[in-house]
Each structure stands twice: as structure tokens, then as C-alpha cells.
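Below is model.pdb, which holds PDB, C-alpha atoms.
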ATOM      1  CA  MET A   1       0.000   0.000   0.000
ATOM      2  CA  LYS A   2       1.346   3.412  -0.946
ATOM      3  CA  PRO A   3       2.036   5.945   1.839
ATOM      4  CA  LEU A   4      -0.465   8.686   2.626
ATOM      5  CA  VAL A   5       0.338  12.205   1.411
ATOM      6  CA  LEU A   6      -0.956  15.272   3.246
ATOM      7  CA  MET A   7      -0.995  18.268   0.902
ATOM      8  CA  ARG A   8      -0.978  21.697   2.534
ATOM      9  CA  GLY A   9      -2.949  23.897   0.154
ATOM     10  CA  GLY A  10      -5.393  23.147  -2.635
ATOM     11  CA  GLY A  11      -4.572  25.944  -5.093
ATOM     12  CA  ASP A  12      -3.615  25.568  -8.735
ATOM     13  CA  ILE A  13       0.042  24.595  -8.207
ATOM     14  CA  ALA A  14      -0.838  22.221  -5.369
ATOM     15  CA  SER A  15      -3.546  20.704  -7.567
ATOM     16  CA  GLY A  16      -0.991  19.851 -10.249
ATOM     17  CA  ALA A  17       0.932  17.897  -7.616
ATOM     18  CA  VAL A  18      -2.245  16.234  -6.315
ATOM     19  CA  TYR A  19      -3.122  15.155  -9.852
ATOM     20  CA  ARG A  20       0.342  13.705 -10.509
ATOM     21  CA  LEU A  21       0.352  11.842  -7.199
ATOM     22  CA  ARG A  22      -3.138  10.422  -7.663
ATOM     23  CA  ARG A  23      -2.288   9.260 -11.207
ATOM     24  CA  ALA A  24       0.623   7.362  -9.666
ATOM     25  CA  GLY A  25      -1.662   5.728  -7.096
ATOM     26  CA  TYR A  26      -0.773   7.739  -3.985
ATOM     27  CA  PRO A  27      -3.635   8.556  -1.603
ATOM     28  CA  VAL A  28      -3.770  12.311  -0.961
ATOM     29  CA  VAL A  29      -5.592  14.404   1.640
ATOM     30  CA  ILE A  30      -5.739  18.168   1.090
ATOM     31  CA  SER A  31      -5.486  20.556   4.022
ATOM     32  CA  GLU A  32      -7.258  23.839   3.183
ATOM     33  CA  ILE A  33      -8.247  26.980   5.021
ATOM     34  CA  ALA A  34     -11.884  27.652   5.919
ATOM     35  CA  ILE A  35     -12.290  30.377   3.256
ATOM     36  CA  PRO A  36      -9.928  29.695   0.339
ATOM     37  CA  THR A  37      -8.966  32.703  -1.782
ATOM     38  CA  MET A  38      -7.557  31.103  -4.939
ATOM     39  CA  ILE A  39      -8.399  32.912  -8.172
ATOM     40  CA  ARG A  40      -7.904  30.027 -10.663
ATOM     41  CA  ARG A  41     -10.782  28.245  -8.983
ATOM     42  CA  GLU A  42     -11.686  26.019 -11.943
ATOM     43  CA  VAL A  43      -8.339  24.206 -11.666
ATOM     44  CA  CYS A  44      -8.138  23.940  -7.877
ATOM     45  CA  TYR A  45      -9.168  20.857  -5.924
ATOM     46  CA  GLY A  46      -9.337  23.150  -2.894
ATOM     47  CA  ASN A  47     -12.349  24.829  -4.502
ATOM     48  CA  ALA A  48     -14.329  21.906  -3.072
ATOM     49  CA  VAL A  49     -14.527  23.967   0.135
ATOM     50  CA  HIS A  50     -16.731  26.472  -1.725
ATOM     51  CA  ARG A  51     -18.551  24.005  -3.983
ATOM     52  CA  GLY A  52     -18.781  20.925  -1.804
ATOM     53  CA  GLU A  53     -17.305  18.850  -4.617
ATOM     54  CA  MET A  54     -14.791  19.671  -7.344
ATOM     55  CA  ILE A  55     -14.076  17.608 -10.472
ATOM     56  CA  LEU A  56     -10.798  18.284 -12.236
ATOM     57  CA  GLU A  57      -9.135  16.127 -14.896
ATOM     58  CA  ARG A  58     -10.720  12.778 -14.010
ATOM     59  CA  PHE A  59     -10.454  13.130 -10.200
ATOM     60  CA  VAL A  60     -13.120  14.201  -7.709
ATOM     61  CA  ALA A  61     -12.321  16.187  -4.572
ATOM     62  CA  ARG A  62     -14.870  16.546  -1.784
ATOM     63  CA  HIS A  63     -15.019  18.820   1.251
ATOM     64  CA  VAL A  64     -15.391  16.480   4.229
ATOM     65  CA  SER A  65     -14.890  16.413   7.973
ATOM     66  CA  LEU A  66     -11.800  14.831   9.475
ATOM     67  CA  GLY A  67     -13.875  11.846  10.572
ATOM     68  CA  GLU A  68     -14.945  11.185   6.962
ATOM     69  CA  VAL A  69     -11.430  11.057   5.495
ATOM     70  CA  LYS A  70     -10.948   7.291   5.650
ATOM     71  CA  ASP A  71     -14.251   6.482   3.938
ATOM     72  CA  THR A  72     -13.676   9.203   1.328
ATOM     73  CA  LEU A  73     -10.252   7.780   0.435
ATOM     74  CA  ALA A  74     -11.811   4.324   0.140
ATOM     75  CA  GLN A  75     -14.153   5.746  -2.525
ATOM     76  CA  GLU A  76     -11.134   6.981  -4.544
ATOM     77  CA  ILE A  77     -12.208  10.579  -3.820
ATOM     78  CA  ILE A  78      -9.744  13.240  -2.668
ATOM     79  CA  PRO A  79     -10.710  14.533   0.792
ATOM     80  CA  VAL A  80     -10.406  18.287   1.324
ATOM     81  CA  VAL A  81     -10.385  19.069   5.027
ATOM     82  CA  THR A  82     -10.436  22.415   6.840
ATOM     83  CA  SER A  83      -9.408  21.122  10.264
ATOM     84  CA  SER A  84      -6.135  22.563  11.538
ATOM     85  CA  TYR A  85      -2.873  21.257  10.105
ATOM     86  CA  GLU A  86      -1.796  20.121  13.566
ATOM     87  CA  GLU A  87      -5.007  18.126  14.047
ATOM     88  CA  LEU A  88      -4.569  16.486  10.649
ATOM     89  CA  LEU A  89      -1.007  15.478  11.540
ATOM     90  CA  ASP A  90      -2.082  14.036  14.890
ATOM     91  CA  THR A  91      -5.066  12.127  13.506
ATOM     92  CA  LEU A  92      -3.893  10.965  10.075
ATOM     93  CA  LYS A  93      -0.182  10.533  10.804
ATOM     94  CA  PRO A  94       0.793  10.935   7.137
ATOM     95  CA  GLU A  95       4.114   9.507   6.024
ATOM     96  CA  ILE A  96       4.546  12.377   3.549
ATOM     97  CA  VAL A  97       3.755  16.092   3.861
ATOM     98  CA  VAL A  98       3.877  18.478   0.905
ATOM     99  CA  ASP A  99       3.588  22.190   1.700
ATOM    100  CA  ALA A 100       2.295  23.826  -1.487
ATOM    101  CA  ILE A 101       0.590  26.845   0.086
ATOM    102  CA  LEU A 102       2.971  29.088  -1.908
ATOM    103  CA  SER A 103       2.953  31.861   0.673
ATOM    104  CA  LYS A 104       6.650  32.563  -0.097
ATOM    105  CA  LYS A 105       7.425  31.709   3.534
ATOM    106  CA  ASN A 106       7.117  28.715   5.821
ATOM    107  CA  LEU A 107       3.862  28.902   7.804
ATOM    108  CA  GLY A 108       4.777  26.192  10.292
ATOM    109  CA  THR A 109       5.774  23.072   8.382
ATOM    110  CA  LYS A 110       8.615  21.227  10.120
ATOM    111  CA  ARG A 111      10.975  18.546   8.923
ATOM    112  CA  ASP A 112       9.816  16.139  11.637
ATOM    113  CA  ASP A 113       6.113  16.453  10.676
ATOM    114  CA  ALA A 114       6.432  13.283   8.578
ATOM    115  CA  ASP A 115       8.997  10.816   7.264
ATOM    116  CA  LEU A 116       9.291  12.915   4.089
ATOM    117  CA  VAL A 117       8.562  16.642   4.060
ATOM    118  CA  ILE A 118       8.554  18.606   0.799
ATOM    119  CA  GLY A 119       8.381  22.387   0.458
ATOM    120  CA  VAL A 120       7.151  23.903  -2.813
ATOM    121  CA  GLY A 121       8.715  27.184  -3.885
ATOM    122  CA  PRO A 122      10.643  29.857  -1.943
ATOM    123  CA  GLY A 123      10.470  30.031   1.842
ATOM    124  CA  PHE A 124      11.916  26.581   2.561
ATOM    125  CA  ILE A 125      15.478  25.298   2.929
ATOM    126  CA  ALA A 126      16.122  21.667   2.017
ATOM    127  CA  GLY A 127      18.124  19.973   4.730
ATOM    128  CA  GLU A 128      16.838  22.355   7.405
ATOM    129  CA  ASP A 129      13.043  22.800   7.676
ATOM    130  CA  VAL A 130      12.153  20.325   4.878
ATOM    131  CA  ASP A 131      13.789  17.358   3.175
ATOM    132  CA  VAL A 132      13.240  18.511  -0.421
ATOM    133  CA  VAL A 133      12.361  21.819  -2.075
ATOM    134  CA  ILE A 134      10.676  21.969  -5.487
ATOM    135  CA  GLU A 135      11.595  24.885  -7.754
ATOM    136  CA  THR A 136       8.612  26.951  -8.938
ATOM    137  CA  MET A 137      10.382  29.669 -10.911
ATOM    138  CA  ARG A 138       9.626  29.430 -14.637
ATOM    139  CA  GLY A 139      12.703  28.619 -16.674
ATOM    140  CA  HIS A 140      15.425  25.990 -16.846
ATOM    141  CA  SER A 141      14.990  24.708 -13.263
ATOM    142  CA  LEU A 142      11.180  24.638 -13.050
ATOM    143  CA  GLY A 143      10.093  21.471 -11.213
ATOM    144  CA  ARG A 144      13.624  20.540 -10.143
ATOM    145  CA  CYS A 145      14.104  18.712  -6.823
ATOM    146  CA  ILE A 146      16.509  20.526  -4.502
ATOM    147  CA  TYR A 147      18.033  18.460  -1.701
ATOM    148  CA  ASP A 148      20.340  21.107  -0.255
ATOM    149  CA  GLY A 149      19.340  24.749   0.081
ATOM    150  CA  PRO A 150      16.408  26.922  -1.046
ATOM    151  CA  ALA A 151      14.485  27.536  -4.247
ATOM    152  CA  GLN A 152      15.180  30.709  -6.194
ATOM    153  CA  PRO A 153      13.997  33.795  -4.266
ATOM    154  CA  ASN A 154      10.665  35.389  -5.082
ATOM    155  CA  THR A 155      11.119  38.271  -7.543
ATOM    156  CA  GLY A 156       7.677  39.752  -6.985
ATOM    157  CA  ILE A 157       7.146  39.750 -10.762
ATOM    158  CA  PRO A 158       4.476  37.358 -12.133
ATOM    159  CA  GLY A 159       5.677  34.848 -14.709
ATOM    160  CA  ASN A 160       5.437  35.679 -18.393
ATOM    161  CA  VAL A 161       2.209  34.326 -19.868
ATOM    162  CA  GLY A 162       1.305  35.314 -23.405
ATOM    163  CA  GLY A 163       3.922  38.075 -23.396
ATOM    164  CA  TYR A 164       2.676  39.773 -20.215
ATOM    165  CA  THR A 165       3.880  39.672 -16.591
ATOM    166  CA  HIS A 166       2.531  42.190 -14.063
ATOM    167  CA  GLU A 167      -0.035  43.491 -16.599
ATOM    168  CA  ARG A 168      -1.980  40.231 -16.547
ATOM    169  CA  VAL A 169      -2.482  40.148 -12.771
ATOM    170  CA  ILE A 170      -5.089  42.409 -11.191
ATOM    171  CA  HIS A 171      -4.900  43.500  -7.554
ATOM    172  CA  SER A 172      -7.365  45.156  -5.241
ATOM    173  CA  PRO A 173      -7.217  48.981  -5.223
ATOM    174  CA  LYS A 174      -8.232  49.016  -1.531
ATOM    175  CA  ALA A 175      -9.474  46.884   1.332
ATOM    176  CA  GLY A 176     -13.142  45.936   1.229
ATOM    177  CA  LEU A 177     -15.799  43.553  -0.087
ATOM    178  CA  PHE A 178     -15.093  42.102  -3.530
ATOM    179  CA  THR A 179     -17.905  41.546  -6.013
ATOM    180  CA  ALA A 180     -17.096  39.888  -9.329
ATOM    181  CA  LYS A 181     -18.951  41.115 -12.429
ATOM    182  CA  ARG A 182     -17.316  38.757 -14.914
ATOM    183  CA  HIS A 183     -16.672  35.009 -14.800
ATOM    184  CA  ILE A 184     -13.785  32.667 -15.477
ATOM    185  CA  GLY A 185     -13.684  31.980 -19.225
ATOM    186  CA  ASP A 186     -15.124  35.386 -20.181
ATOM    187  CA  SER A 187     -13.371  37.508 -22.801
ATOM    188  CA  VAL A 188     -12.488  40.967 -21.453
ATOM    189  CA  GLN A 189     -11.123  44.168 -22.944
ATOM    190  CA  ALA A 190      -8.404  46.374 -21.575
ATOM    191  CA  ASN A 191      -9.874  48.844 -19.055
ATOM    192  CA  GLU A 192     -13.130  46.849 -18.781
ATOM    193  CA  VAL A 193     -14.686  46.669 -15.309
ATOM    194  CA  ILE A 194     -14.562  43.061 -14.084
ATOM    195  CA  GLY A 195     -15.664  43.687 -10.503
ATOM    196  CA  TYR A 196     -15.793  46.035  -7.558
ATOM    197  CA  VAL A 197     -14.181  46.408  -4.159
ATOM    198  CA  ASP A 198     -16.985  48.069  -2.254
ATOM    199  CA  GLU A 199     -17.941  50.787  -4.783
ATOM    200  CA  GLU A 200     -14.556  51.109  -6.458
ATOM    201  CA  PRO A 201     -14.269  49.485  -9.907
ATOM    202  CA  VAL A 202     -11.639  46.851 -10.683
ATOM    203  CA  ARG A 203     -10.487  46.960 -14.309
ATOM    204  CA  ALA A 204      -8.605  44.604 -16.605
ATOM    205  CA  LYS A 205      -5.268  45.990 -17.765
ATOM    206  CA  ILE A 206      -5.048  43.982 -20.997
ATOM    207  CA  THR A 207      -7.368  42.308 -23.479
ATOM    208  CA  GLY A 208      -7.692  38.556 -23.101
ATOM    209  CA  ILE A 209      -9.617  35.788 -21.388
ATOM    210  CA  LEU A 210     -10.335  35.767 -17.675
ATOM    211  CA  ARG A 211      -8.311  32.759 -16.527
ATOM    212  CA  GLY A 212      -9.017  33.380 -12.871
ATOM    213  CA  ILE A 213     -11.055  35.643 -10.616
ATOM    214  CA  LEU A 214     -11.699  35.645  -6.885
ATOM    215  CA  LYS A 215     -15.027  34.351  -5.639
ATOM    216  CA  SER A 216     -17.573  37.102  -4.985
ATOM    217  CA  GLY A 217     -18.450  38.039  -1.438
ATOM    218  CA  LEU A 218     -14.987  37.815   0.099
ATOM    219  CA  ILE A 219     -13.311  40.540   2.143
ATOM    220  CA  VAL A 220      -9.935  41.506   0.695
ATOM    221  CA  SER A 221      -6.999  43.588   1.823
ATOM    222  CA  ASP A 222      -5.364  46.371  -0.173
ATOM    223  CA  HIS A 223      -3.402  45.028  -3.182
ATOM    224  CA  PHE A 224      -4.926  41.556  -2.756
ATOM    225  CA  LYS A 225      -4.662  39.393  -5.893
ATOM    226  CA  LEU A 226      -8.105  39.414  -7.553
ATOM    227  CA  ALA A 227      -7.815  38.142 -11.126
ATOM    228  CA  ASP A 228      -5.602  36.896 -13.942
ATOM    229  CA  VAL A 229      -6.134  37.780 -17.620
ATOM    230  CA  ASP A 230      -4.545  35.529 -20.245
ATOM    231  CA  ALA A 231      -3.757  37.224 -23.565
ATOM    232  CA  ARG A 232      -3.478  33.855 -25.355
ATOM    233  CA  CYS A 233      -7.294  33.612 -25.245
ATOM    234  CA  GLU A 234      -7.407  29.817 -25.086
ATOM    235  CA  GLU A 235     -10.606  28.955 -23.205
ATOM    236  CA  SER A 236      -9.396  25.409 -22.468
ATOM    237  CA  HIS A 237      -6.538  26.870 -20.411
ATOM    238  CA  CYS A 238      -9.101  28.133 -17.903
ATOM    239  CA  TYR A 239     -10.284  24.615 -17.106
ATOM    240  CA  SER A 240      -7.166  22.430 -17.381
ATOM    241  CA  ILE A 241      -4.104  22.086 -15.161
ATOM    242  CA  SER A 242      -1.341  24.374 -16.426
ATOM    243  CA  ASP A 243       2.092  23.465 -17.755
ATOM    244  CA  LYS A 244       3.715  25.058 -14.698
ATOM    245  CA  SER A 245       1.475  23.166 -12.274
ATOM    246  CA  LEU A 246       2.218  19.863 -14.001
ATOM    247  CA  ALA A 247       5.960  20.577 -14.027
ATOM    248  CA  VAL A 248       5.977  21.350 -10.310
ATOM    249  CA  GLY A 249       3.738  18.336  -9.720
ATOM    250  CA  GLY A 250       6.263  16.211 -11.590
ATOM    251  CA  GLY A 251       8.975  17.389  -9.222
ATOM    252  CA  VAL A 252       6.831  16.494  -6.215
ATOM    253  CA  LEU A 253       6.104  13.061  -7.678
ATOM    254  CA  GLU A 254       9.798  12.489  -8.384
ATOM    255  CA  ALA A 255      10.726  13.350  -4.795
ATOM    256  CA  VAL A 256       8.009  11.050  -3.434
ATOM    257  CA  THR A 257       8.746   8.077  -5.680
ATOM    258  CA  ALA A 258      12.524   8.376  -5.166
ATOM    259  CA  TRP A 259      12.027   8.365  -1.395
ATOM    260  CA  ASP A 260       9.549   5.475  -1.625
ATOM    261  CA  TYR A 261      11.915   3.446  -3.828
ATOM    262  CA  GLU A 262      14.911   4.018  -1.538
ATOM    263  CA  ARG A 263      12.846   3.165   1.519
ATOM    264  CA  ASN A 264      11.693  -0.117  -0.007
ATOM    265  CA  LEU A 265      15.228  -0.881  -1.211
ATOM    266  CA  ASP A 266      16.589  -0.416   2.288
ATOM    267  CA  GLY A 267      13.820  -2.612   3.682
ATOM    268  CA  ASN A 268      14.648  -5.409   1.245
ATOM    269  CA  ASN A 269      18.296  -5.280   2.264
ATOM    270  CA  LEU A 270      17.600  -5.790   5.936
TER     271      LEU A 270
END
Since I need it in another form, could you write the structure as C-alpha cells?
Amino acid sequence: MKPLVLMRGGGDIASGAVYRLRRAGYPVVISEIAIPTMIRREVCYGNAVHRGEMILERFVARHVSLGEVKDTLAQEIIPVVTSSYEELLDTLKPEIVVDAILSKKNLGTKRDDADLVIGVGPGFIAGEDVDVVIETMRGHSLGRCIYDGPAQPNTGIPGNVGGYTHERVIHSPKAGLFTAKRHIGDSVQANEVIGYVDEEPVRAKITGILRGILKSGLIVSDHFKLADVDARCEESHCYSISDKSLAVGGGVLEAVTAWDYERNLDGNNL
């Protein structure tokens, strides 16, 4: 039986890793916050917290209580749980933890939380607070497993998608209540109003397709990430796991399978 993986975070990058792991037969439980704020909701298993159930690329994720995890796994469904991370560790005792929250800093994951602990992106140091770090920076090293040291530091500049970086990402002009006026998959024009924070309009900066937008009715802080416009205008990209997510997921899967293989090899040599 394959070891249990506890995934911290159910956003788009984490979901690429969940998909890769599930395709390889690893049982995965997702640890999410009570009110997730991902914008690429159509490609996030963590969106099950809002929807109750989320179907993405042949797998079903379901928001369940901690007591329902075992039965949910038995149904080949991915449990998404909003109990605290510490409670999940104590109850489930996962052999593998993957922190894919992507907060650019470590929010409490420790190397002794499980037999194998993986940190995704900057904020972790392999050999210190985690066993392996997975590179998330687009480019030559994307998805690479790092066994000594950190990932590349966060530049603060969004990756280039369709020829645009910071122009494609839309942030809140102020703190307040966000109301979306457009939906994921909609075509938008530069300067078009796609939502409001309280009464202040939020506008697209470029023409393209709305690849992601925050769920309506959430309170946001100033400069909070609200939406992502993709100038490539490929509607299918809004509903399928991205190349970056799959690359990072491949790195996570490599780290897990390498550890699993070496563990079994050592056991056979006893």
C-alpha cells in the first residue's frame, strides 16, 4: 500500500501535484483553510470547500470532515479538510507532507512532521526545515528537486504568460468587499470593469480571457490578488491544469517516488 500524502494547500500549483500523485496511485488528503482565496478556482481541488465537490481532470475532490477522510479515500475521492494542520497530523499521521501553500514563507511546516517533508517554492530550505524543495520559478529549473538549500527567491514579478507579466495580474485597489462582475472563461477588454471592491471598480489591464477571478463576497486587503487575464485567449486553459502546475507536480512526484523506492530498497536489504 502506498504511503499517505498530506498536501498543505489546494490551489492551482498544489492541484498539479495532487493530480500527478493520484495518477501514480498515492492517496492524498488536502489541508485547506476555511475560506480559500484562490483565483484560478476552476483548476483547484481546494475549490471543493466552496462548492462541496470539485471535479478536475478525471479526479473528484470533496469537502469532508476529518472523521470522513478514511471512507472518502476508500471511494477513490480526494478529501479536502479544513481542520487545523496540527489536528490532521495528529489524527492521520501521514508519512509524507507536501507544503504547497505558496505563501513565499514557511507557515509552520517542520521537517519532523512526517517521514518525508517537501516544500514547494521559496520560503523553505532543504536539509533544514524540509527534506526537499521543489523549484517553482519558470525557466530551466522549473520542477527541479533541490536536496540542499532553497528555491530561487521570489522576484515579486508574475511569470510571463502570453507576453505579459505584471499586466496580466489584477490586484485590489483598496481593502473591502469584492464583487465579481465577470466570470472565469469570459473575454475581457483592456480597461473593462470586471468587478468592484466596495464601490470602487476593478479593471482589466489587458485584453484577453479571464483565466481566474476571486469568488464574490470575500473581504480583501489592499493590493490583494483578484484576477488573472490571459492574452493567449485559449478557453481550455481556464479549465485544465497548467504546464507550470504539471511541471511542479512532476517534481513532487519524483521526490516522493525516489524516497519510496529508496525506503523499499533499504527494507529489502535488511
To test the calculation: enclose all listed atoms of segment 218-227 of chain A in a box whose edges run along x, y and z, add 4 Å on each side, then state centre and edge lengths in Å to one decimal, as JSON.
{"center_x": -9.2, "center_y": 42.1, "center_z": -4.5, "size_x": 19.6, "size_y": 16.6, "size_z": 21.3}
Under the PyMOL selection byres ((chain A and resi 67) around 12), which residues of this model are included? Write them out as a VMD selection string. chain A and resid 63 to 66 68 to 73 79 to 83 87 to 88 91 to 92
In file coordinates, which residues lie within 6 Å of (13.8, 17.5, 2.1) using all atoms listed in the file, given as a ChimeraX atom specification? /A:117-118,126-127,130-132,147
Evaluate the PyMOL selection byres ((chain A and resi 89) around 12) and report residues as JSON, numbers by chain: {"A": [4, 5, 6, 7, 8, 29, 30, 31, 66, 81, 83, 84, 85, 86, 87, 88, 90, 91, 92, 93, 94, 95, 96, 97, 109, 110, 112, 113, 114, 115]}
Quick one: apply the PyMOL selection byres ((chain A and resi 193) around 12) to the file and drop the selected residues here as a PyMOL selection string. chain A and resi 170+179-183+187-192+194-197+199-207+210+227
Can you tell me, as a PyMOL selection string, what residues are no more than 10 Å from Cys44 of chain A when counting all atoms listed in the file, ignoring any on the same chain fewer than 4 positions away? chain A and resi 9-16+18+38-40+48+54-56+61+239-241
When you look at Arg20 of chain A with a cut-off of 7 Å (counting only C-alpha atoms), what residues show up, excluding the ones that are within fewer than 5 positions of it in the same chain? I need them as a count of residues only. 3
Closest of A:Lys2, A:Leu116, A:Arg51, A:Pro27 to Gln75 of chain A - atom-to-atom distances counting only C-alpha atoms: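 Distance minimum relative to Gln75 of chain A lands on A:Pro27.
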Give the answer as one residue: which of A:Thr257, A:Ser216, A:Ser245, A:Ser236 has the shortest atom-to-atom distance to Pro36 of chain A, using only C-alpha atoms?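 For Pro36 of chain A, the nearest of the given residues is A:Ser216.
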Would you work out the distance separating atom CA of Glu76 of chain A from atom CA of Ala34 of chain A, expressed in Å to one decimal?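 Interatomic distance here is 23.2 Å.
With atom CA of His237 of chain A on one side and atom CA of Val98 of chain A on the other, the separation reads 25.2 Å.
Considering only C-alpha atoms, the residue among A:Ile78, A:Val248, A:Ile101, A:Val28 positioned nearest to Glu53 of chain A is A:Ile78.
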Asn154 of chain A proximity check over A:Ala247, A:Leu177, A:Val43, A:Leu102, using only C-alpha atoms: winner is A:Leu102
Report, in Å to a single decimal, how far apart atom CA of Ala74 of chain A and atom CA of Arg58 of chain A are. 16.5 Å
So which one's closest to Asp222 of chain A, A:Phe59, A:Phe178, A:Trp259, A:Phe124? Using all atoms listed in the file, please. A:Phe178
Mind checking which residues fall within 8 Å of Val169 of chain A, counting all atoms listed in the file, ignoring those fewer than 5 positions away in the same chain, and posting them as a ChimeraX atom specification? /A:158,225-229
May I have the selected residues written with C-alpha atoms, as a compact mmCIF listing (two decimals), in the coordinates of the input?
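The resulting again.txt:
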# COMPACT_ATOMS: atom_id res chain seq x y z
CA PRO A 158 4.48 37.36 -12.13
CA LYS A 225 -4.66 39.39 -5.89
CA LEU A 226 -8.10 39.41 -7.55
CA ALA A 227 -7.82 38.14 -11.13
CA ASP A 228 -5.60 36.90 -13.94
CA VAL A 229 -6.13 37.78 -17.62
Which polymer residues have any atom within 9 Å of an atom of Ala231 of chain A, counting only C-alpha atoms, with same-chain residues fewer than 5 positions away left out, as an MDAnalysis selection string? chainID A and resid 161:164 168 206:210
Rank nothing, just name the residue among A:Leu218, A:Ala175, A:Leu246, A:Ala255 nearest to Ala17 of chain A, using only C-alpha atoms.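 Closest to Ala17 of chain A of all the choices is A:Leu246.
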